[in-house]
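Structure file work.tsv with TSV, N, CA and C atoms and all ligand atoms:
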chain	number	residue	atom	x	y	z
Z	1	MET	N	90.57	112.20	88.94
Z	1	MET	CA	92.02	112.17	88.92
Z	1	MET	C	92.50	111.38	87.70
Z	2	THR	N	93.65	111.77	87.18
Z	2	THR	CA	94.24	111.03	86.08
Z	2	THR	C	94.98	109.81	86.62
Z	3	VAL	N	95.37	108.92	85.71
Z	3	VAL	CA	96.12	107.73	86.11
Z	3	VAL	C	97.43	108.13	86.80
Z	4	ASP	N	98.13	109.13	86.25
Z	4	ASP	CA	99.38	109.58	86.87
Z	4	ASP	C	99.14	110.14	88.26
Z	5	GLU	N	98.08	110.91	88.41
Z	5	GLU	CA	97.77	111.48	89.73
Z	5	GLU	C	97.43	110.38	90.73
Z	6	LEU	N	96.68	109.38	90.27
Z	6	LEU	CA	96.34	108.27	91.16
Z	6	LEU	C	97.59	107.52	91.60
Z	7	SER	N	98.46	107.23	90.64
Z	7	SER	CA	99.70	106.51	90.98
Z	7	SER	C	100.55	107.30	91.97
Z	8	CYS	N	100.65	108.59	91.75
Z	8	CYS	CA	101.45	109.42	92.65
Z	8	CYS	C	100.81	109.59	94.02
Z	9	SER	N	99.52	109.34	94.12
Z	9	SER	CA	98.81	109.50	95.39
Z	9	SER	C	98.71	108.19	96.16
Z	10	GLY	N	99.39	107.15	95.70
Z	10	GLY	CA	99.40	105.89	96.44
Z	10	GLY	C	98.33	104.90	96.04
Z	11	PHE	N	97.57	105.21	95.00
Z	11	PHE	CA	96.56	104.26	94.51
Z	11	PHE	C	97.23	103.24	93.59
Z	12	ALA	N	96.66	102.04	93.53
Z	12	ALA	CA	97.11	101.02	92.59
Z	12	ALA	C	95.89	100.54	91.81
Z	13	ARG	N	96.10	100.28	90.51
Z	13	ARG	CA	95.00	99.77	89.70
Z	13	ARG	C	94.66	98.36	90.17
Z	14	ALA	N	93.37	98.10	90.39
Z	14	ALA	CA	92.94	96.78	90.88
Z	14	ALA	C	92.31	95.95	89.76
Z	15	ILE	N	91.26	96.46	89.17
Z	15	ILE	CA	90.52	95.72	88.15
Z	15	ILE	C	89.81	96.71	87.23
Z	16	ALA	N	89.28	96.20	86.12
Z	16	ALA	CA	88.38	97.00	85.31
Z	16	ALA	C	87.02	97.00	86.02
Z	17	VAL	N	86.38	98.13	86.07
Z	17	VAL	CA	85.08	98.22	86.75
Z	17	VAL	C	84.09	97.21	86.16
Z	18	SER	N	84.24	96.91	84.88
Z	18	SER	CA	83.32	95.97	84.22
Z	18	SER	C	83.44	94.55	84.78
Z	19	GLU	N	84.51	94.26	85.51
Z	19	GLU	CA	84.69	92.93	86.11
Z	19	GLU	C	83.84	92.74	87.36
Z	20	LEU	N	83.32	93.83	87.92
Z	20	LEU	CA	82.53	93.75	89.15
Z	20	LEU	C	81.10	93.30	88.85
Z	21	ALA	N	80.68	92.28	89.55
Z	21	ALA	CA	79.28	91.86	89.46
Z	21	ALA	C	78.58	92.38	90.71
Z	22	SER	N	77.41	92.91	90.54
Z	22	SER	CA	76.70	93.51	91.65
Z	22	SER	C	76.54	92.53	92.82
Z	23	GLY	N	76.99	92.95	93.99
Z	23	GLY	CA	76.81	92.17	95.20
Z	23	GLY	C	77.71	90.98	95.37
Z	24	LYS	N	78.61	90.72	94.41
Z	24	LYS	CA	79.49	89.55	94.52
Z	24	LYS	C	80.91	90.02	94.85
Z	25	PRO	N	81.44	89.64	96.03
Z	25	PRO	CA	82.77	90.11	96.41
Z	25	PRO	C	83.87	89.55	95.50
Z	26	LEU	N	84.85	90.38	95.25
Z	26	LEU	CA	86.04	89.97	94.49
Z	26	LEU	C	87.25	90.15	95.39
Z	27	HIS	N	88.19	89.22	95.32
Z	27	HIS	CA	89.40	89.32	96.12
Z	27	HIS	C	90.55	89.67	95.21
Z	28	VAL	N	91.31	90.67	95.57
Z	28	VAL	CA	92.46	91.06	94.77
Z	28	VAL	C	93.68	91.20	95.68
Z	29	THR	N	94.85	91.04	95.08
Z	29	THR	CA	96.09	91.30	95.81
Z	29	THR	C	96.88	92.34	95.03
Z	30	LEU	N	97.11	93.45	95.66
Z	30	LEU	CA	97.86	94.54	95.06
Z	30	LEU	C	99.27	94.55	95.66
Z	31	PRO	N	100.21	95.28	95.07
Z	31	PRO	CA	101.55	95.35	95.65
Z	31	PRO	C	101.53	95.80	97.12
Z	32	SER	N	100.54	96.59	97.48
Z	32	SER	CA	100.46	97.11	98.85
Z	32	SER	C	99.65	96.21	99.78
Z	33	GLY	N	99.08	95.11	99.26
Z	33	GLY	CA	98.34	94.19	100.12
Z	33	GLY	C	97.06	93.69	99.49
Z	34	PRO	N	96.36	92.80	100.20
Z	34	PRO	CA	95.12	92.24	99.67
Z	34	PRO	C	93.92	93.12	100.00
Z	35	ALA	N	92.86	92.94	99.22
Z	35	ALA	CA	91.63	93.69	99.46
Z	35	ALA	C	90.45	92.87	98.96
Z	36	ILE	N	89.31	93.13	99.54
Z	36	ILE	CA	88.04	92.59	99.05
Z	36	ILE	C	87.27	93.77	98.47
Z	37	ILE	N	86.72	93.56	97.27
Z	37	ILE	CA	85.98	94.62	96.60
Z	37	ILE	C	84.54	94.17	96.43
Z	38	VAL	N	83.61	95.07	96.71
Z	38	VAL	CA	82.19	94.76	96.55
Z	38	VAL	C	81.50	95.93	95.85
Z	39	LEU	N	80.68	95.60	94.89
Z	39	LEU	CA	79.76	96.59	94.32
Z	39	LEU	C	78.44	96.38	95.04
Z	40	THR	N	78.07	97.32	95.89
Z	40	THR	CA	76.88	97.13	96.71
Z	40	THR	C	75.62	97.15	95.84
Z	41	THR	N	74.60	96.53	96.34
Z	41	THR	CA	73.35	96.46	95.61
Z	41	THR	C	72.36	97.48	96.18
Z	42	GLY	N	71.18	97.52	95.59
Z	42	GLY	CA	70.15	98.42	96.10
Z	42	GLY	C	70.31	99.81	95.53
Z	43	ASP	N	69.92	100.80	96.33
Z	43	ASP	CA	69.91	102.19	95.85
Z	43	ASP	C	71.30	102.77	95.69
Z	44	THR	N	72.26	102.21	96.40
Z	44	THR	CA	73.56	102.87	96.47
Z	44	THR	C	74.46	102.57	95.28
Z	45	ASN	N	74.59	101.29	94.88
Z	45	ASN	CA	75.53	100.89	93.83
Z	45	ASN	C	76.88	101.54	94.03
Z	46	GLU	N	77.39	101.40	95.23
Z	46	GLU	CA	78.67	102.00	95.58
Z	46	GLU	C	79.75	100.93	95.58
Z	47	ILE	N	80.93	101.30	95.13
Z	47	ILE	CA	82.05	100.36	95.16
Z	47	ILE	C	82.77	100.53	96.50
Z	48	VAL	N	82.94	99.41	97.19
Z	48	VAL	CA	83.57	99.43	98.51
Z	48	VAL	C	84.76	98.48	98.48
Z	49	ALA	N	85.87	98.87	99.09
Z	49	ALA	CA	87.03	97.98	99.23
Z	49	ALA	C	87.47	97.99	100.68
Z	50	PHE	N	87.85	96.82	101.16
Z	50	PHE	CA	88.26	96.74	102.56
Z	50	PHE	C	89.25	95.59	102.75
Z	51	SER	N	89.92	95.62	103.89
Z	51	SER	CA	90.90	94.59	104.23
Z	51	SER	C	90.20	93.26	104.48
Z	52	PRO	N	90.84	92.15	104.05
Z	52	PRO	CA	90.25	90.84	104.35
Z	52	PRO	C	90.50	90.40	105.79
Z	53	LEU	N	91.23	91.17	106.57
Z	53	LEU	CA	91.48	90.80	107.97
Z	53	LEU	C	90.32	91.26	108.85
Z	54	CYS	N	89.69	90.32	109.51
Z	54	CYS	CA	88.58	90.64	110.40
Z	54	CYS	C	89.09	91.50	111.56
Z	55	PRO	N	88.38	92.58	111.89
Z	55	PRO	CA	88.83	93.44	112.99
Z	55	PRO	C	88.66	92.80	114.36
Z	56	HIS	N	88.00	91.65	114.44
Z	56	HIS	CA	87.84	91.00	115.73
Z	56	HIS	C	89.14	90.30	116.14
Z	57	GLN	N	89.49	89.22	115.45
Z	57	GLN	CA	90.74	88.52	115.77
Z	57	GLN	C	91.44	88.06	114.49
Z	58	LEU	N	91.36	88.88	113.47
Z	58	LEU	CA	92.11	88.71	112.22
Z	58	LEU	C	91.72	87.47	111.41
Z	59	GLY	N	90.49	87.00	111.54
Z	59	GLY	CA	90.01	85.94	110.67
Z	59	GLY	C	90.06	86.41	109.21
Z	60	ASN	N	90.04	85.46	108.30
Z	60	ASN	CA	90.14	85.78	106.87
Z	60	ASN	C	88.74	85.98	106.29
Z	61	LEU	N	88.36	87.23	106.10
Z	61	LEU	CA	87.03	87.53	105.56
Z	61	LEU	C	86.88	87.08	104.11
Z	62	ALA	N	88.01	86.83	103.43
Z	62	ALA	CA	87.95	86.36	102.05
Z	62	ALA	C	87.30	84.98	101.96
Z	63	THR	N	87.31	84.23	103.07
Z	63	THR	CA	86.66	82.92	103.07
Z	63	THR	C	85.33	82.97	103.83
Z	64	GLY	N	84.88	84.17	104.15
Z	64	GLY	CA	83.60	84.32	104.84
Z	64	GLY	C	82.43	84.19	103.89
Z	65	THR	N	81.25	84.26	104.45
Z	65	THR	CA	80.05	84.18	103.61
Z	65	THR	C	79.48	85.58	103.42
Z	66	TRP	N	78.72	85.72	102.36
Z	66	TRP	CA	78.24	87.03	101.94
Z	66	TRP	C	76.75	86.95	101.68
Z	67	ALA	N	75.97	87.85	102.27
Z	67	ALA	CA	74.53	87.91	101.99
Z	67	ALA	C	73.98	89.25	102.44
Z	68	ASN	N	73.08	89.79	101.65
Z	68	ASN	CA	72.33	91.00	102.00
Z	68	ASN	C	73.21	92.17	102.46
Z	69	GLY	N	74.30	92.39	101.74
Z	69	GLY	CA	75.16	93.52	102.07
Z	69	GLY	C	76.03	93.31	103.28
Z	70	ARG	N	76.06	92.08	103.79
Z	70	ARG	CA	76.87	91.80	104.98
Z	70	ARG	C	77.87	90.70	104.66
Z	71	ILE	N	79.05	90.80	105.27
Z	71	ILE	CA	80.02	89.72	105.18
Z	71	ILE	C	80.18	89.13	106.58
Z	72	SER	N	80.19	87.80	106.63
Z	72	SER	CA	80.28	87.10	107.90
Z	72	SER	C	81.64	86.43	108.00
Z	73	CYS	N	82.31	86.65	109.11
Z	73	CYS	CA	83.64	86.07	109.33
Z	73	CYS	C	83.51	84.58	109.60
Z	74	PRO	N	84.38	83.75	109.01
Z	74	PRO	CA	84.28	82.30	109.22
Z	74	PRO	C	84.73	81.86	110.62
Z	75	VAL	N	85.42	82.72	111.36
Z	75	VAL	CA	85.99	82.28	112.65
Z	75	VAL	C	84.94	82.30	113.76
Z	76	HIS	N	84.35	83.46	114.04
Z	76	HIS	CA	83.35	83.56	115.11
Z	76	HIS	C	82.00	84.05	114.60
Z	77	GLU	N	81.90	84.16	113.28
Z	77	GLU	CA	80.65	84.52	112.60
Z	77	GLU	C	80.14	85.92	112.93
Z	78	TYR	N	81.02	86.84	113.28
Z	78	TYR	CA	80.61	88.23	113.40
Z	78	TYR	C	80.21	88.70	112.00
Z	79	GLU	N	79.25	89.60	111.93
Z	79	GLU	CA	78.80	90.12	110.64
Z	79	GLU	C	79.08	91.62	110.54
Z	80	PHE	N	79.51	92.03	109.34
Z	80	PHE	CA	79.85	93.42	109.09
Z	80	PHE	C	79.05	93.94	107.90
Z	81	ASP	N	78.50	95.14	108.04
Z	81	ASP	CA	77.83	95.81	106.94
Z	81	ASP	C	78.93	96.44	106.07
Z	82	VAL	N	79.04	96.01	104.82
Z	82	VAL	CA	80.18	96.48	104.02
Z	82	VAL	C	80.07	97.95	103.64
Z	83	LEU	N	78.87	98.49	103.57
Z	83	LEU	CA	78.72	99.89	103.19
Z	83	LEU	C	79.22	100.80	104.31
Z	84	SER	N	78.80	100.55	105.52
Z	84	SER	CA	79.22	101.39	106.65
Z	84	SER	C	80.51	100.87	107.28
Z	85	GLY	N	80.77	99.57	107.11
Z	85	GLY	CA	81.92	98.95	107.76
Z	85	GLY	C	81.64	98.51	109.19
Z	86	ALA	N	80.45	98.78	109.67
Z	86	ALA	CA	80.13	98.52	111.08
Z	86	ALA	C	79.92	97.04	111.37
Z	87	CYS	N	80.30	96.66	112.59
Z	87	CYS	CA	80.00	95.32	113.08
Z	87	CYS	C	78.55	95.33	113.54
Z	88	VAL	N	77.71	94.53	112.88
Z	88	VAL	CA	76.28	94.57	113.18
Z	88	VAL	C	75.80	93.33	113.94
Z	89	LEU	N	76.65	92.29	114.00
Z	89	LEU	CA	76.25	91.10	114.75
Z	89	LEU	C	77.50	90.44	115.35
Z	90	PRO	N	77.76	90.57	116.64
Z	90	PRO	CA	76.99	91.39	117.59
Z	90	PRO	C	77.27	92.87	117.33
Z	91	ARG	N	76.33	93.70	117.68
Z	91	ARG	CA	76.53	95.14	117.44
Z	91	ARG	C	77.67	95.63	118.33
Z	92	ASP	N	78.68	96.21	117.67
Z	92	ASP	CA	79.83	96.72	118.40
Z	92	ASP	C	80.30	97.98	117.69
Z	93	GLU	N	80.01	99.12	118.27
Z	93	GLU	CA	80.30	100.39	117.63
Z	93	GLU	C	81.80	100.68	117.54
Z	94	ALA	N	82.59	99.95	118.29
Z	94	ALA	CA	84.04	100.21	118.27
Z	94	ALA	C	84.74	99.37	117.20
Z	95	MET	N	84.03	98.42	116.59
Z	95	MET	CA	84.67	97.51	115.64
Z	95	MET	C	84.17	97.78	114.22
Z	96	HIS	N	85.10	98.04	113.32
Z	96	HIS	CA	84.76	98.34	111.93
Z	96	HIS	C	85.70	97.62	110.97
Z	97	LEU	N	85.19	97.34	109.78
Z	97	LEU	CA	86.06	96.88	108.70
Z	97	LEU	C	87.08	97.97	108.42
Z	98	ARG	N	88.25	97.56	107.97
Z	98	ARG	CA	89.26	98.55	107.56
Z	98	ARG	C	89.02	98.84	106.09
Z	99	LYS	N	88.29	99.93	105.84
Z	99	LYS	CA	87.94	100.27	104.46
Z	99	LYS	C	89.05	101.07	103.79
Z	100	TYR	N	89.13	100.90	102.45
Z	100	TYR	CA	90.14	101.59	101.68
Z	100	TYR	C	89.49	102.61	100.75
Z	101	GLU	N	90.25	103.64	100.44
Z	101	GLU	CA	89.81	104.65	99.49
Z	101	GLU	C	89.77	104.04	98.09
Z	102	VAL	N	88.75	104.32	97.32
Z	102	VAL	CA	88.66	103.83	95.94
Z	102	VAL	C	88.46	105.00	94.99
Z	103	ALA	N	88.87	104.81	93.75
Z	103	ALA	CA	88.67	105.82	92.71
Z	103	ALA	C	88.48	105.10	91.38
Z	104	VAL	N	87.70	105.69	90.51
Z	104	VAL	CA	87.48	105.14	89.18
Z	104	VAL	C	88.06	106.12	88.17
Z	105	SER	N	88.88	105.59	87.27
Z	105	SER	CA	89.46	106.42	86.22
Z	105	SER	C	89.54	105.61	84.94
Z	106	ALA	N	89.00	106.14	83.87
Z	106	ALA	CA	89.05	105.50	82.55
Z	106	ALA	C	88.57	104.05	82.60
Z	107	GLY	N	87.54	103.78	83.38
Z	107	GLY	CA	86.96	102.44	83.43
Z	107	GLY	C	87.66	101.48	84.36
Z	108	ASP	N	88.71	101.93	85.04
Z	108	ASP	CA	89.44	101.07	85.97
Z	108	ASP	C	89.18	101.49	87.41
Z	109	LEU	N	89.21	100.49	88.30
Z	109	LEU	CA	89.07	100.75	89.72
Z	109	LEU	C	90.45	100.79	90.35
Z	110	TRP	N	90.70	101.84	91.10
Z	110	TRP	CA	91.97	102.03	91.80
Z	110	TRP	C	91.70	102.01	93.30
Z	111	ILE	N	92.63	101.41	94.04
Z	111	ILE	CA	92.47	101.30	95.49
Z	111	ILE	C	93.73	101.82	96.16
Z	112	LYS	N	93.51	102.53	97.26
Z	112	LYS	CA	94.64	103.04	98.04
Z	112	LYS	C	94.68	102.28	99.36
Z	113	ILE	N	95.68	101.41	99.49
Z	113	ILE	CA	95.88	100.66	100.74
Z	113	ILE	C	97.00	101.35	101.48
Z	114	PRO	N	96.69	101.98	102.59
Z	114	PRO	CA	97.74	102.71	103.31
Z	114	PRO	C	98.87	101.80	103.75
Z	115	ARG	N	100.06	102.30	103.65
Z	115	ARG	CA	101.24	101.54	104.09
Z	115	ARG	C	101.21	101.43	105.61
Z	116	PRO	N	101.47	100.24	106.14
Z	116	PRO	CA	101.50	100.12	107.61
Z	116	PRO	C	102.57	101.03	108.19
Z	117	LYS	N	102.29	101.58	109.35
Z	117	LYS	CA	103.21	102.54	109.96
Z	117	LYS	C	104.57	101.91	110.27
Z	118	TRP	N	104.60	100.59	110.48
Z	118	TRP	CA	105.85	99.94	110.82
Z	118	TRP	C	106.76	99.75	109.62
Z	119	ARG	N	106.26	99.92	108.37
Z	119	ARG	CA	107.12	99.73	107.20
Z	119	ARG	C	107.91	100.98	106.90
Z	120	ARG	N	109.15	100.82	106.54
Z	120	ARG	CA	110.01	101.98	106.26
Z	120	ARG	C	110.24	102.20	104.76
Z	121	ASP	N	109.93	101.20	103.90
Z	121	ASP	CA	110.24	101.37	102.47
Z	121	ASP	C	109.21	102.21	101.78
P	201	LIG	S1	88.04	86.60	113.96
P	201	LIG	FE1	86.37	87.29	112.81
P	201	LIG	S2	84.69	87.13	114.14
P	201	LIG	FE2	86.38	86.54	115.33
Before we go any further, please render this structure as structure tokens.
Amino acid sequence: MTVDELSCSGFARAIAVSELASGKPLHVTLPSGPAIIVLTTGDTNEIVAFSPLCPHQLGNLATGTWANGRISCPVHEYEFDVLSGACVLPRDEAMHLRKYEVAVSAGDLWIKIPRPKWRRD
């Protein structure tokens, strides 16, 4: 997609892809809200973006710890696999990270954070 197409589709430019260090989470705040971005390690090297709000009880994942492809919430220490978004400790198939759509265009990373249903603007 072009930059114009991304903008018209609700994406916002977040960072230059070159700013991502493998396996090290980055926190960004876009006009549509905050996000955590991770370049996964291993075979995948996939860029993942998700909400910093823990799906358990809204702890701030931006202050959580990060290791081996998992982010741990600082509140109750639940762990989430960032690639799948699944809650892996304790295993809970109903609980997932709120992942965002990402796109790369001209060396920049774009993220689409859906507007909450309660917002009218
Ligand atoms: S609020 Fe994150 S584990 Fe409970």
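Nearest residue to Z:Pro116, choosing from Z:Gly23, Z:Ile15, Z:Ser32, Z:Thr40 and counting only N, CA and C atoms: Z:Ser32.
Residues with any atom within 10 Å of Z:Pro34, counting only C-alpha atoms and excluding same-chain neighbours fewer than 5 positions away, are Z:His27, Z:Val28, Z:Thr29, Z:Ala49, Z:Phe50, Z:Ser51, Z:Pro52, Z:Leu53, Z:Ala62, Z:Ile113.
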With only N, CA and C atoms as the counted atoms, please give the residues lying no more than 8 Å from stretch 69-73 of chain Z, apart from itself and same-chain residues fewer than 2 positions off, as a PDB file with N, CA and C atoms, keeping the file's coordinate frame.
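Output saved as selection.pdb:
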ATOM      1  N   GLY Z  23      76.990  92.950  93.990  1.00  0.00           N
ATOM      2  CA  GLY Z  23      76.810  92.170  95.200  1.00  0.00           C
ATOM      3  C   GLY Z  23      77.710  90.980  95.370  1.00  0.00           C
ATOM      4  N   THR Z  40      78.070  97.320  95.890  1.00  0.00           N
ATOM      5  CA  THR Z  40      76.880  97.130  96.710  1.00  0.00           C
ATOM      6  C   THR Z  40      75.620  97.150  95.840  1.00  0.00           C
ATOM      7  N   THR Z  41      74.600  96.530  96.340  1.00  0.00           N
ATOM      8  CA  THR Z  41      73.350  96.460  95.610  1.00  0.00           C
ATOM      9  C   THR Z  41      72.360  97.480  96.180  1.00  0.00           C
ATOM     10  N   CYS Z  54      89.690  90.320 109.510  1.00  0.00           N
ATOM     11  CA  CYS Z  54      88.580  90.640 110.400  1.00  0.00           C
ATOM     12  C   CYS Z  54      89.090  91.500 111.560  1.00  0.00           C
ATOM     13  N   GLY Z  59      90.490  87.000 111.540  1.00  0.00           N
ATOM     14  CA  GLY Z  59      90.010  85.940 110.670  1.00  0.00           C
ATOM     15  C   GLY Z  59      90.060  86.410 109.210  1.00  0.00           C
ATOM     16  N   ASN Z  60      90.040  85.460 108.300  1.00  0.00           N
ATOM     17  CA  ASN Z  60      90.140  85.780 106.870  1.00  0.00           C
ATOM     18  C   ASN Z  60      88.740  85.980 106.290  1.00  0.00           C
ATOM     19  N   LEU Z  61      88.360  87.230 106.100  1.00  0.00           N
ATOM     20  CA  LEU Z  61      87.030  87.530 105.560  1.00  0.00           C
ATOM     21  C   LEU Z  61      86.880  87.080 104.110  1.00  0.00           C
ATOM     22  N   ALA Z  62      88.010  86.830 103.430  1.00  0.00           N
ATOM     23  CA  ALA Z  62      87.950  86.360 102.050  1.00  0.00           C
ATOM     24  C   ALA Z  62      87.300  84.980 101.960  1.00  0.00           C
ATOM     25  N   THR Z  63      87.310  84.230 103.070  1.00  0.00           N
ATOM     26  CA  THR Z  63      86.660  82.920 103.070  1.00  0.00           C
ATOM     27  C   THR Z  63      85.330  82.970 103.830  1.00  0.00           C
ATOM     28  N   GLY Z  64      84.880  84.170 104.150  1.00  0.00           N
ATOM     29  CA  GLY Z  64      83.600  84.320 104.840  1.00  0.00           C
ATOM     30  C   GLY Z  64      82.430  84.190 103.890  1.00  0.00           C
ATOM     31  N   THR Z  65      81.250  84.260 104.450  1.00  0.00           N
ATOM     32  CA  THR Z  65      80.050  84.180 103.610  1.00  0.00           C
ATOM     33  C   THR Z  65      79.480  85.580 103.420  1.00  0.00           C
ATOM     34  N   TRP Z  66      78.720  85.720 102.360  1.00  0.00           N
ATOM     35  CA  TRP Z  66      78.240  87.030 101.940  1.00  0.00           C
ATOM     36  C   TRP Z  66      76.750  86.950 101.680  1.00  0.00           C
ATOM     37  N   ALA Z  67      75.970  87.850 102.270  1.00  0.00           N
ATOM     38  CA  ALA Z  67      74.530  87.910 101.990  1.00  0.00           C
ATOM     39  C   ALA Z  67      73.980  89.250 102.440  1.00  0.00           C
ATOM     40  N   VAL Z  75      85.420  82.720 111.360  1.00  0.00           N
ATOM     41  CA  VAL Z  75      85.990  82.280 112.650  1.00  0.00           C
ATOM     42  C   VAL Z  75      84.940  82.300 113.760  1.00  0.00           C
ATOM     43  N   HIS Z  76      84.350  83.460 114.040  1.00  0.00           N
ATOM     44  CA  HIS Z  76      83.350  83.560 115.110  1.00  0.00           C
ATOM     45  C   HIS Z  76      82.000  84.050 114.600  1.00  0.00           C
ATOM     46  N   GLU Z  77      81.900  84.160 113.280  1.00  0.00           N
ATOM     47  CA  GLU Z  77      80.650  84.520 112.600  1.00  0.00           C
ATOM     48  C   GLU Z  77      80.140  85.920 112.930  1.00  0.00           C
ATOM     49  N   TYR Z  78      81.020  86.840 113.280  1.00  0.00           N
ATOM     50  CA  TYR Z  78      80.610  88.230 113.400  1.00  0.00           C
ATOM     51  C   TYR Z  78      80.210  88.700 112.000  1.00  0.00           C
ATOM     52  N   GLU Z  79      79.250  89.600 111.930  1.00  0.00           N
ATOM     53  CA  GLU Z  79      78.800  90.120 110.640  1.00  0.00           C
ATOM     54  C   GLU Z  79      79.080  91.620 110.540  1.00  0.00           C
ATOM     55  N   PHE Z  80      79.510  92.030 109.340  1.00  0.00           N
ATOM     56  CA  PHE Z  80      79.850  93.420 109.090  1.00  0.00           C
ATOM     57  C   PHE Z  80      79.050  93.940 107.900  1.00  0.00           C
ATOM     58  N   ASP Z  81      78.500  95.140 108.040  1.00  0.00           N
ATOM     59  CA  ASP Z  81      77.830  95.810 106.940  1.00  0.00           C
ATOM     60  C   ASP Z  81      78.930  96.440 106.070  1.00  0.00           C
ATOM     61  N   VAL Z  82      79.040  96.010 104.820  1.00  0.00           N
ATOM     62  CA  VAL Z  82      80.180  96.480 104.020  1.00  0.00           C
ATOM     63  C   VAL Z  82      80.070  97.950 103.640  1.00  0.00           C
ATOM     64  N   LEU Z  83      78.870  98.490 103.570  1.00  0.00           N
ATOM     65  CA  LEU Z  83      78.720  99.890 103.190  1.00  0.00           C
ATOM     66  C   LEU Z  83      79.220 100.800 104.310  1.00  0.00           C
TER      67      LEU Z  83
END
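Interatomic distance, atom CA of Z:Leu20 to atom CA of Z:Val102: 13.6 Å.
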Expressed in Å, the length from atom CA of Z:Ala16 to atom CA of Z:Leu109 is 5.8 Å
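In terms of minimum interatomic distance to ligand LIG 201 (chain P), Z:Leu58 ranks closest within Z:Val104, Z:Val88, Z:Leu58, Z:Val48, counting all atoms listed in the file.
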- Give me every helix (DSSP H, G or I) residue in stretch 15-84 of chain Z, going by DSSP on the backbone, as a ChimeraX atom specification. /Z:17-19,61-63
If I wrap all listed atoms of stretch 101-104 of chain Z in a box with edges along x, y and z and add 3 Å on each side, what are its centre and edge lengths in Å to one decimal, as JSON?
{"center_x": 88.9, "center_y": 104.9, "center_z": 94.3, "size_x": 8.8, "size_y": 8.5, "size_z": 18.3}
List as an NGL selection string the residues having at least one atom at most 7 Å from position (84.7, 93.9, 109.4) as given in the file, counting only C-alpha atoms. :Z and (54-55 or 80 or 85-87 or 96-98)
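Coordinates place atom CA of Z:Gly33 at a distance of 10.3 Å from atom CA of Z:Ile111.
Among the candidates Z:Val17, Z:Leu6, Z:Met1, Z:Ile37, the residue lying nearest to Z:Tyr100 is Z:Ile37 (atoms considered: only C-alpha atoms).
Closest approach to ligand LIG 201 (chain P) among Z:Ser105, Z:Ser22, Z:Asn45, Z:Gln57 is made by Z:Gln57 (distances from all atoms listed in the file).
Nearest-residue note for ligand LIG 201 (chain P): choosing from Z:Lys99, Z:Arg115, Z:His56, Z:Arg13, the minimum distance belongs to Z:His56, counting all atoms listed in the file.
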If you count only C-alpha atoms and all ligand atoms, the residue of Z:Lys112, Z:Arg119, Z:Arg91, Z:Lys24 closest to ligand LIG 201 (chain P) turns out to be Z:Arg91
From stretch 56-100 of chain Z, collect each residue whose DSSP state is strand (DSSP E or B) and return the set as a ChimeraX atom specification. /Z:60,65-67,70-72,79-81,86-89,91-96,99-100
